[in-house]
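**Q** Input file: input_23.cif. Contents: mmCIF, C-alpha atoms.
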```
data_upload
loop_
_atom_site.label_atom_id
_atom_site.label_comp_id
_atom_site.auth_asym_id
_atom_site.auth_seq_id
_atom_site.Cartn_x
_atom_site.Cartn_y
_atom_site.Cartn_z
CA MET A 197 112.74 92.67 138.66
CA GLU A 198 110.49 94.94 136.59
CA THR A 199 107.32 96.26 138.15
CA ALA A 200 104.09 95.41 136.41
CA ALA A 201 102.79 98.21 134.21
CA ARG A 202 100.43 98.63 131.31
CA ASP A 203 100.74 100.68 128.16
CA ALA A 204 98.44 103.66 128.69
CA ASN A 205 97.23 103.64 125.08
CA SER A 206 96.87 99.96 124.27
CA GLY A 207 96.39 98.27 127.63
CA ARG A 208 99.13 95.78 126.77
CA PRO A 209 101.45 94.69 129.60
CA THR A 210 104.84 96.40 129.37
CA ASP A 211 106.65 94.35 132.00
CA GLY A 212 109.11 91.80 130.71
CA TRP A 213 110.20 93.66 127.58
CA ALA A 214 113.60 94.61 128.99
CA ASP A 215 114.14 90.97 129.92
CA ASP A 216 113.18 90.04 126.36
CA VAL A 217 115.77 92.46 124.97
CA ASP A 218 118.35 90.84 127.25
CA ALA A 219 117.34 87.38 126.02
CA ALA A 220 117.56 88.46 122.40
CA VAL A 221 120.98 90.06 122.89
CA ALA A 222 122.25 86.92 124.61
CA ALA A 223 120.94 84.72 121.79
CA VAL A 224 122.37 86.81 118.97
CA THR A 225 125.79 87.33 120.55
CA THR A 226 126.08 83.58 121.06
CA ALA A 227 125.24 83.08 117.39
CA LEU A 228 127.68 85.77 116.25
CA ARG A 229 130.50 84.37 118.38
CA ALA A 230 130.11 81.10 116.50
CA VAL A 231 131.20 82.83 113.26
CA VAL A 232 133.85 85.27 114.48
CA ASP A 233 136.58 83.34 112.65
CA GLU A 234 134.81 83.91 109.31
CA ASP A 235 135.43 86.76 106.87
CA TRP A 236 132.85 89.45 107.69
CA SER A 237 133.71 91.47 104.62
CA VAL A 238 131.46 89.17 102.56
CA PRO A 239 127.89 90.33 101.79
CA ALA A 240 125.31 89.56 104.45
CA HIS A 241 122.66 87.16 103.20
CA GLY A 242 120.13 89.01 101.04
CA LEU A 243 121.49 92.48 101.87
CA GLU A 244 123.61 95.08 100.11
CA TRP A 245 125.66 95.52 103.31
CA ASN A 246 128.50 93.18 104.20
CA CYS A 247 128.44 91.35 107.52
CA ARG A 248 130.58 93.96 109.23
CA GLU A 249 128.28 96.79 108.13
CA THR A 250 125.23 94.79 109.21
CA ALA A 251 126.62 94.33 112.73
CA VAL A 252 127.36 98.06 113.02
CA HIS A 253 123.85 98.85 111.73
CA LEU A 254 122.40 96.62 114.45
CA ALA A 255 124.39 98.43 117.13
CA ASP A 256 123.25 101.75 115.69
CA ASP A 257 119.63 100.56 115.93
CA PHE A 258 120.06 99.58 119.58
CA VAL A 259 121.52 102.95 120.57
CA GLY A 260 119.15 104.90 118.33
CA TYR A 261 116.09 103.26 119.86
CA ALA A 262 117.41 103.80 123.40
CA THR A 263 117.99 107.47 122.59
CA GLN A 264 114.45 107.92 121.28
CA LEU A 265 113.23 106.86 124.72
CA THR A 266 115.75 108.69 126.89
CA GLY A 267 115.50 111.83 124.77
CA ARG A 268 111.68 111.73 124.65
CA ALA A 269 112.02 112.41 120.92
CA ALA A 270 108.98 114.13 119.41
CA GLU A 271 110.30 114.19 115.85
CA GLY A 272 113.22 112.61 114.03
CA TYR A 273 116.23 110.69 115.27
CA ALA A 274 118.96 112.30 117.34
CA PRO A 275 121.69 113.40 114.87
CA PHE A 276 124.42 110.84 115.51
CA GLU A 277 125.51 107.41 114.36
CA ILE A 278 127.50 104.51 115.73
CA VAL A 279 130.75 103.59 113.98
CA ALA A 280 133.32 100.89 114.67
CA VAL A 281 136.99 101.77 114.97
CA PRO A 282 138.64 100.95 111.62
CA GLY A 283 140.09 97.45 111.71
CA THR A 284 137.73 96.16 114.39
CA ASP A 285 137.56 92.38 113.95
CA PRO A 286 134.41 90.23 114.25
CA ARG A 287 135.07 89.60 117.93
CA GLY A 288 135.14 93.33 118.54
CA LEU A 289 132.00 93.86 116.47
CA THR A 290 130.22 91.21 118.53
CA ARG A 291 131.27 93.04 121.70
CA ILE A 292 129.76 96.23 120.29
CA VAL A 293 126.45 94.46 119.57
CA HIS A 294 126.39 92.99 123.08
CA ALA A 295 127.20 96.30 124.78
CA THR A 296 124.75 98.45 122.80
CA GLY A 297 122.00 95.89 123.28
CA GLY A 298 122.45 96.41 127.00
CA LEU A 299 121.88 100.15 126.53
CA LEU A 300 118.51 99.50 124.89
CA SER A 301 117.55 97.09 127.68
CA ALA A 302 118.42 99.69 130.31
CA ALA A 303 116.40 102.39 128.54
CA VAL A 304 113.37 100.10 128.21
CA ARG A 305 113.60 99.05 131.85
CA THR A 306 113.70 102.61 133.20
CA THR A 307 111.32 104.44 130.83
CA PRO A 308 107.74 104.98 132.08
CA PRO A 309 105.24 103.11 129.89
CA GLN A 310 103.37 106.28 128.90
CA VAL A 311 106.45 107.84 127.26
CA ARG A 312 106.42 107.98 123.45
CA GLY A 313 109.35 108.41 121.10
CA TRP A 314 109.30 109.20 117.39
CA HIS A 315 109.74 106.46 114.82
CA PRO A 316 108.86 106.60 111.12
CA TYR A 317 106.65 103.53 111.59
CA GLY A 318 104.66 105.14 114.40
CA ALA A 319 105.37 106.72 117.79
CA ALA A 320 106.21 104.00 120.30
CA GLY A 321 106.72 103.45 124.00
CA PRO A 322 109.31 101.25 125.68
CA ASP A 323 107.51 98.07 124.66
CA GLY A 324 107.47 99.17 121.01
CA PHE A 325 111.14 100.10 120.88
CA ALA A 326 112.04 96.89 122.69
CA ALA A 327 110.14 94.88 120.09
CA MET A 328 111.75 96.84 117.25
CA GLY A 329 115.20 96.19 118.69
CA ILE A 330 114.47 92.49 119.04
CA VAL A 331 113.30 92.25 115.42
CA GLU A 332 116.45 93.99 114.20
CA ALA A 333 118.60 91.71 116.33
CA LEU A 334 117.01 88.45 115.22
CA VAL A 335 116.75 89.11 111.50
CA HIS A 336 120.14 90.76 111.08
CA THR A 337 121.84 87.95 112.99
CA HIS A 338 120.14 85.65 110.51
CA ASP A 339 121.52 87.79 107.67
CA ILE A 340 125.06 87.53 109.05
CA THR A 341 125.11 83.85 109.99
CA ALA A 342 123.35 82.78 106.77
CA ALA A 343 126.30 84.23 104.84
CA PHE A 344 128.38 81.31 106.08
CA PRO A 345 127.17 77.85 104.97
CA GLY A 346 126.93 75.27 107.68
CA THR A 347 126.01 77.71 110.47
CA PRO A 348 122.19 77.50 110.75
CA TRP A 349 120.66 79.62 113.50
CA LYS A 350 117.19 79.77 114.96
CA PRO A 351 116.19 82.16 117.78
CA PRO A 352 113.84 81.29 120.65
CA ALA A 353 110.26 80.87 119.42
CA ARG A 354 108.89 82.91 122.33
CA LEU A 355 110.77 86.01 121.23
CA CYS A 356 109.47 85.62 117.68
CA GLU A 357 105.92 85.27 118.95
CA ARG A 358 106.24 88.37 121.15
CA VAL A 359 107.36 90.65 118.33
CA LEU A 360 104.88 89.19 115.85
CA ASP A 361 102.09 89.99 118.30
CA ARG A 362 103.40 93.49 118.99
CA LEU A 363 104.56 94.74 115.59
CA PHE A 364 103.10 92.45 112.92
CA PRO A 365 99.42 91.97 113.84
CA HIS A 366 98.64 92.26 110.12
CA VAL A 367 100.62 89.13 109.20
CA PRO A 368 98.46 85.97 109.18
CA ARG A 369 99.75 83.17 111.38
CA PRO A 370 98.25 79.83 110.39
CA GLU A 371 97.73 77.33 113.17
CA GLY A 372 100.92 75.40 113.80
CA ALA A 373 103.10 77.82 111.82
CA ASP A 374 106.70 78.19 112.96
CA PRO A 375 106.95 81.70 114.49
CA TRP A 376 110.54 82.13 113.24
CA GLN A 377 109.47 81.35 109.69
CA ARG A 378 106.59 83.81 110.05
CA LEU A 379 108.95 86.52 111.28
CA LEU A 380 111.28 85.92 108.33
CA TYR A 381 108.28 86.15 106.02
CA ALA A 382 107.02 89.31 107.75
CA THR A 383 110.37 91.03 107.16
CA GLY A 384 110.56 90.15 103.48
CA ARG A 385 113.01 87.29 103.83
CA PRO A 386 112.62 83.95 102.03
CA ALA A 387 111.11 81.59 104.55
CA ASP A 388 109.89 78.02 104.05
CA GLY A 389 108.94 78.44 100.40
CA SER A 390 105.21 77.97 100.98
CA GLU A 391 104.44 81.49 99.77
CA PRO A 392 106.35 84.08 97.76
CA PRO A 393 108.41 86.56 99.79
CA LEU A 394 107.00 90.02 100.33
CA THR A 395 108.35 92.66 97.97
CA ALA A 396 107.37 95.43 100.40
CA TRP A 397 106.91 95.26 104.15
CA ARG A 398 107.01 97.18 107.42
CA TRP A 399 105.98 96.76 111.00
CA TYR A 400 103.30 98.81 112.79
CA ALA A 401 104.38 100.28 116.10
CA ALA A 402 101.12 102.14 116.68
CA PRO A 403 98.19 101.04 114.50
CA LEU A 404 94.77 102.49 115.28
CA ARG A 405 92.89 99.72 117.08
CA THR A 406 89.17 99.10 117.36
CA GLU A 407 87.32 96.17 118.85
CA ARG A 408 87.84 94.01 115.75
CA LEU A 409 90.14 95.94 113.45
CA LEU A 410 93.56 97.47 112.98
CA LEU A 411 94.04 100.55 110.80
CA CYS A 412 97.58 100.45 109.41
CA GLU A 413 98.78 103.58 107.64
CA LEU A 414 100.56 103.06 104.33
CA SER A 415 104.01 104.60 104.14
CA PRO A 416 104.89 106.03 100.70
CA PRO A 417 106.99 103.00 99.60
CA LEU A 418 104.20 100.57 100.51
CA ALA A 419 101.63 102.86 98.92
CA ALA A 420 103.64 102.83 95.70
CA ASP A 421 103.83 99.02 95.79
CA LEU A 422 100.08 98.75 96.33
CA SER A 423 99.23 101.25 93.60
CA GLU A 424 101.42 99.36 91.14
CA GLY A 425 99.63 96.05 91.70
CA GLY A 426 101.51 94.71 94.74
CA SER A 427 100.11 93.67 98.11
CA GLY A 428 101.51 96.60 100.10
CA GLY A 429 102.85 94.03 102.56
CA PHE A 430 99.38 92.71 103.45
CA SER A 431 97.55 89.43 102.97
CA TRP A 432 94.22 90.37 101.45
CA ALA A 433 90.88 88.71 101.99
CA GLY A 434 88.95 87.63 98.92
CA ASN A 435 90.16 89.26 95.72
CA GLY A 436 91.35 92.43 97.44
CA PRO A 437 92.33 95.11 97.35
CA GLU A 438 89.60 97.03 95.57
CA GLU A 439 90.56 99.48 92.84
CA GLY A 440 89.63 102.43 95.08
CA THR A 441 92.27 101.40 97.60
CA ARG A 442 94.93 101.14 94.90
CA THR A 443 93.95 104.58 93.60
CA ALA A 444 94.15 106.10 97.08
CA ALA A 445 97.56 104.47 97.59
CA GLY A 446 98.71 106.06 94.35
CA MET A 447 97.68 109.46 95.72
CA VAL A 448 99.93 108.88 98.75
CA ALA A 449 102.86 107.90 96.54
CA SER A 450 102.34 110.96 94.34
CA ALA A 451 102.08 113.29 97.33
CA ALA A 452 105.37 111.90 98.67
CA GLU A 453 107.08 112.55 95.34
CA GLU A 454 105.74 116.11 95.34
CA GLY A 455 106.77 116.71 98.95
CA SER A 456 103.22 117.31 100.18
CA HIS A 457 102.68 114.02 102.02
CA ARG A 458 101.90 114.39 105.72
CA PRO A 459 102.03 111.23 107.85
CA GLY A 460 98.66 110.43 109.36
CA TRP A 461 96.64 112.07 106.60
CA GLY A 462 96.97 109.47 103.90
CA THR A 463 95.61 105.96 103.34
CA TYR A 464 95.16 103.20 105.92
CA VAL A 465 94.61 99.51 105.30
CA ILE A 466 91.78 97.96 107.31
CA VAL A 467 92.95 94.68 108.86
CA ARG A 468 90.88 92.10 110.75
CA ALA A 469 92.55 91.51 114.10
CA GLU A 470 91.28 87.93 114.30
CA ASP A 471 93.19 86.63 111.30
CA GLY A 472 95.47 89.42 110.05
CA ARG A 473 93.68 89.68 106.70
CA ALA A 474 93.33 93.06 105.03
CA VAL A 475 89.70 93.76 104.17
CA GLY A 476 89.72 97.30 102.80
CA GLY A 477 91.15 100.79 102.68
CA ILE A 478 90.22 104.05 104.35
CA GLY A 479 91.87 107.43 104.60
CA PHE A 480 91.97 111.10 103.77
CA HIS A 481 92.09 112.85 100.42
CA ALA A 482 94.51 115.45 101.80
CA PRO A 483 95.64 116.96 105.12
CA PRO A 484 93.27 119.38 106.89
CA ASP A 485 92.72 122.62 104.98
CA ALA A 486 92.97 126.17 106.34
CA HIS A 487 89.42 125.89 107.71
CA GLY A 488 90.10 122.66 109.59
CA MET A 489 88.20 120.48 107.13
CA VAL A 490 89.36 117.05 106.02
CA GLU A 491 87.58 114.64 103.65
CA THR A 492 87.63 110.88 103.97
CA GLY A 493 86.80 107.89 101.78
CA TYR A 494 86.78 104.12 102.18
CA ASP A 495 86.06 100.79 100.55
CA VAL A 496 85.83 97.17 101.68
CA VAL A 497 86.51 94.03 99.69
CA THR A 498 83.42 92.18 98.51
CA ALA A 499 84.10 89.17 100.74
CA ALA A 500 83.99 91.33 103.91
CA ARG A 501 81.02 93.57 103.16
CA GLY A 502 77.94 93.56 105.38
CA GLN A 503 80.01 92.84 108.51
CA GLY A 504 80.28 96.36 109.90
CA CYS A 505 83.95 96.80 109.04
CA ALA A 506 83.50 100.09 107.20
CA THR A 507 81.40 101.61 109.98
CA GLU A 508 83.87 100.53 112.67
CA ALA A 509 86.86 101.81 110.71
CA LEU A 510 85.21 105.11 109.77
CA THR A 511 84.11 105.79 113.35
CA ALA A 512 87.66 105.22 114.59
CA LEU A 513 89.39 107.26 111.90
CA ALA A 514 86.97 110.18 112.16
CA GLY A 515 87.39 110.15 115.94
CA TRP A 516 91.17 110.17 115.53
CA ALA A 517 90.97 113.13 113.16
CA LEU A 518 88.60 115.16 115.33
CA ALA A 519 90.90 114.67 118.32
CA ASP A 520 93.45 116.79 116.43
CA PRO A 521 93.09 120.48 117.45
CA SER A 522 93.56 121.54 113.81
CA VAL A 523 90.47 119.62 112.65
CA ARG A 524 86.97 121.03 112.99
CA LEU A 525 85.04 118.99 110.45
CA VAL A 526 85.28 115.61 108.70
CA ARG A 527 83.45 115.22 105.39
CA ALA A 528 82.59 112.26 103.17
CA ARG A 529 80.55 111.71 100.03
CA ALA A 530 78.34 108.85 98.89
CA ALA A 531 76.74 108.29 95.49
CA HIS A 532 72.96 108.74 95.53
CA THR A 533 72.52 105.08 94.61
CA ASN A 534 74.98 103.68 97.19
CA ALA A 535 72.57 102.76 99.98
CA ALA A 536 75.21 100.78 101.86
CA SER A 537 77.55 103.76 102.07
CA HIS A 538 74.73 106.04 103.26
CA ALA A 539 74.06 103.55 106.06
CA VAL A 540 77.76 103.40 107.00
CA LEU A 541 78.02 107.18 107.23
CA THR A 542 74.87 107.52 109.28
CA LYS A 543 75.94 104.80 111.73
CA ALA A 544 79.35 106.45 112.07
CA GLY A 545 77.71 109.69 113.21
CA PHE A 546 77.76 111.68 109.97
CA ARG A 547 74.80 113.78 108.87
CA ALA A 548 73.72 114.76 105.35
CA ALA A 549 74.70 118.35 104.60
CA GLY A 550 73.97 118.83 100.91
CA CYS A 551 74.19 117.15 97.56
CA ASP A 552 75.10 117.56 93.90
CA GLU A 553 74.01 115.63 90.82
CA GLU A 554 76.08 112.56 91.71
CA THR A 555 76.68 112.49 95.47
CA VAL A 556 75.35 113.36 98.91
CA LEU A 557 77.71 115.29 101.16
CA TYR A 558 77.97 114.11 104.76
CA GLU A 559 79.66 115.93 107.65
CA LYS A 560 80.77 115.14 111.17
CA PRO A 561 81.82 118.18 113.25
CA GLY A 562 84.16 118.13 116.18
CA GLY A 563 83.39 119.07 119.77
#
```
Re-express the file's structure as structure tokens.

**A**
Amino acid sequence: METAARDANSGRPTDGWADDVDAAVAAVTTALRAVVDEDWSVPAHGLEWNCRETAVHLADDFVGYATQLTGRAAEGYAPFEIVAVPGTDPRGLTRIVHATGGLLSAAVRTTPPQVRGWHPYGAAGPDGFAAMGIVEALVHTHDITAAFPGTPWKPPARLCERVLDRLFPHVPRPEGADPWQRLLYATGRPADGSEPPLTAWRWYAAPLRTERLLLCELSPPLAADLSEGGSGGFSWAGNGPEEGTRTAAGMVASAAEEGSHRPGWGTYVIVRAEDGRAVGGIGFHAPPDAHGMVETGYDVVTAARGQGCATEALTALAGWALADPSVRLVRARAAHTNAASHAVLTKAGFRAAGCDEETVLYEKPGG
């Protein structure tokens, strides 16, 4: 029985996640055993991998996530991979999935909640890696079983709800929506046909959270999608996103191509926690310079203006930046005629520090 604990950063309960991993592993191995007499060399549904490769990938995820926790990884994955002995049949592959899932469960159960491990989608604790493992298990079992007509599979709704809450707070969930269909949608898989599938998606292991908002950093692939007219994996309020957000996303994509992108110092999408709708963009023009200065900018879709979203987001992001020892000063600029932006900056604790012909310079120092 797990002892009750709470995530030190988010306040979310961490107890029960190891049990959830166990439940997911039990569900997926039961589903995989139902198709062990099929030919797993055929392509998995919607993937470039075949079913055999997909099962090995799932096992690799389980062990990789466990290792990020046990190794207290600060950067990158441990340099290893899981392989199946050549000739391993589907029954053997299912055994591998079952066994490696148990390793993740054990790591989650025994890792203190304050521990963080590196992941490209955000540093995560045991609850985050448990949720990531469950997502991989559910969707890749779908990919395998869907390759064989006549073998429909649907995981427990409670597991889908848990991982949607933990990793996909930016995905709207209409009242009465099937959580499994929402999870398929959230991971870019064709769902019930009521909306087009996402062309770009990711989960968020560690979004910046405020009272009403989530700040979700755009990875370079999502930034490229957004800059090229896509959604970036978000459901936007009103007619969003604004052109400024698309331009900022393009800067992230360009920086990644040039090799100068630094995670954390790019563009974030502002998401309303209450409904999962994206309402704007905020971020940095570049990483901190040699003097510890970083400049920020933001915009909010027309439909969400006047609700304090920009002030709340800017306060949080500036606070996050100034908590970094390398940052001494956060700057922002507002056009002389943009009264709303002047009010946002003032409420967020910035002070006017100069001007040019077009803009007023605002600053917020650290310490």

**Q** List the residues matched by the PyMOL selection byres ((chain A and resi 517-524) around 12) in the displayed structure as a ChimeraX atom specification, ordered by chain and then by residue number.

**A** /A:404,460-462,479-480,483-492,510-516,525-527,559-563

**Q** Within 12 Å of Gly502 (chain A), counting only C-alpha atoms, which residues show up once you throw out same-chain ones fewer than 5 positions away? Write them as a list in words, please.

**A**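 Skipping anything fewer than 5 positions along the chain leaves Val475, Asp495, Val496, Val497, Thr507, Glu508, Ala535, Ala536, Ser537, Ala539 and Val540 of chain A.
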
**Q** The PyMOL selection byres ((chain A and resi 294) around 12) - which residues does that actually catch in the file I just gave you? List them as JSON, numbers by chain.

**A** {"A": [217, 218, 219, 220, 221, 222, 223, 224, 225, 226, 227, 228, 229, 251, 252, 254, 255, 256, 258, 259, 287, 288, 289, 290, 291, 292, 293, 295, 296, 297, 298, 299, 300, 301, 333]}

**Q** Provide an axis-aligned box for all listed atoms of region 266-279 of chain A, padding each side by 4 Å; report its centre and its edge lengths in Å to one decimal, as AutoDock Vina command-line options.

**A**
```
--center_x 119.9 --center_y 108.9 --center_z 120.4 --size_x 29.8 --size_y 18.6 --size_z 20.9
```

**Q** Do you have the CA of Asn435 (chain A)-CA of Leu422 (chain A) distance handy?

**A** 13.7 Å

**Q** Please provide as number ranges by chain all residues within 12 Å of region 231-244 of chain A, with the sequence filter that same-chain residues fewer than 3 positions apart are discarded (counting all atoms listed in the file).

**A** A: 224-228, 247-253, 283-291, 335-349, 380, 383-386

**Q** Just the number, please: distance in Å from CA of Glu332 (chain A) to CA of Ala270 (chain A), one decimal.

**A** 22.1 Å

**Q** Once the PyMOL selection byres ((chain A and resi 321) around 8) is applied to the coordinates I shared, what remains selected? I want it as a PyMOL selection string.

**A** chain A and resi 203+265+309-313+319-320+322-325

**Q** Please report as JSON lines every residue of region 244-359 of chain A lying within 12 Å of region 367-372 of chain A, along with the nearest atom pair and their distance in Å (one decimal), using only C-alpha atoms.

**A**
```
{"residue": "A:Cys356", "atom": "CA", "partner": "A:Arg369", "partner_atom": "CA", "distance": 11.8}
{"residue": "A:Glu357", "atom": "CA", "partner": "A:Arg369", "partner_atom": "CA", "distance": 10.0}
{"residue": "A:Val359", "atom": "CA", "partner": "A:Val367", "partner_atom": "CA", "distance": 11.4}
```

**Q** For C-alpha atoms, I'd like the residues from the last selection saved as a PDB file, keeping the file's coordinate frame.

**A**
```pdb
ATOM      1  CA  CYS A 356     109.470  85.620 117.680  1.00  0.00           C
ATOM      2  CA  GLU A 357     105.920  85.270 118.950  1.00  0.00           C
ATOM      3  CA  VAL A 359     107.360  90.650 118.330  1.00  0.00           C
TER       4      VAL A 359
END
```

**Q** Between A:Thr266, A:Thr463, A:Thr395, A:Ser456, which one has atoms that come closest to Ala419 (chain A), using all atoms listed in the file?

**A**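 Of A:Thr266, A:Thr463, A:Thr395, A:Ser456, the one nearest Ala419 (chain A), counting all atoms listed in the file, is A:Thr463.
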
**Q** Just to confirm, what's the straight-line distance from CA of Gly476 (chain A) to CA of Ser423 (chain A) in Å (one decimal)?

**A**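 Between CA of Gly476 (chain A) and CA of Ser423 (chain A) the gap works out to 13.8 Å.
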
**Q** I'd like the contact shell of Arg405 (chain A) - 12 Å cut-off, all atoms listed in the file, skipping same-chain residues fewer than 5 positions apart - returned as a list in words.

**A**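 In the requested form, the answer reads Asn205, Ser206, Gly207, Pro365, His366, Tyr400, Leu410, Leu411, Cys412, Glu413, Tyr464, Val465, Ile466, Val467, Arg468, Ala469, Glu508, Ala509, Leu510, Thr511, Ala512, Leu513, Gly515 and Trp516 of chain A.
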
**Q** Smallest atom-to-atom distance to Leu418 (chain A): which of A:Ala396, A:Ala433, A:Leu363, A:Ala302, using all atoms listed in the file?

**A**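 Closest candidate: A:Ala396.
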
**Q** For a quick check of understanding, using all atoms listed in the file, which of A:Gly212, A:Gly429, A:Gly477, A:Pro352 has the smallest distance to Thr443 (chain A)?

**A**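 Going through A:Gly212, A:Gly429, A:Gly477, A:Pro352 one by one, the smallest distance to Thr443 (chain A) is for A:Gly477.
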
**Q** For each of A:Ser431, A:Ser450, A:Ser390, A:Gln377, take the minimum atom-to-atom distance to Ser415 (chain A), counting only C-alpha atoms, then give the residue where this is smallest.

**A** A:Ser450

**Q** Restricting the calculation to all atoms listed in the file, which member of A:Ile478, A:Arg529, A:Pro393, A:Tyr558 is positioned closest to Thr542 (chain A)?

**A**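 Among A:Ile478, A:Arg529, A:Pro393, A:Tyr558, it is A:Tyr558 that comes nearest to Thr542 (chain A).
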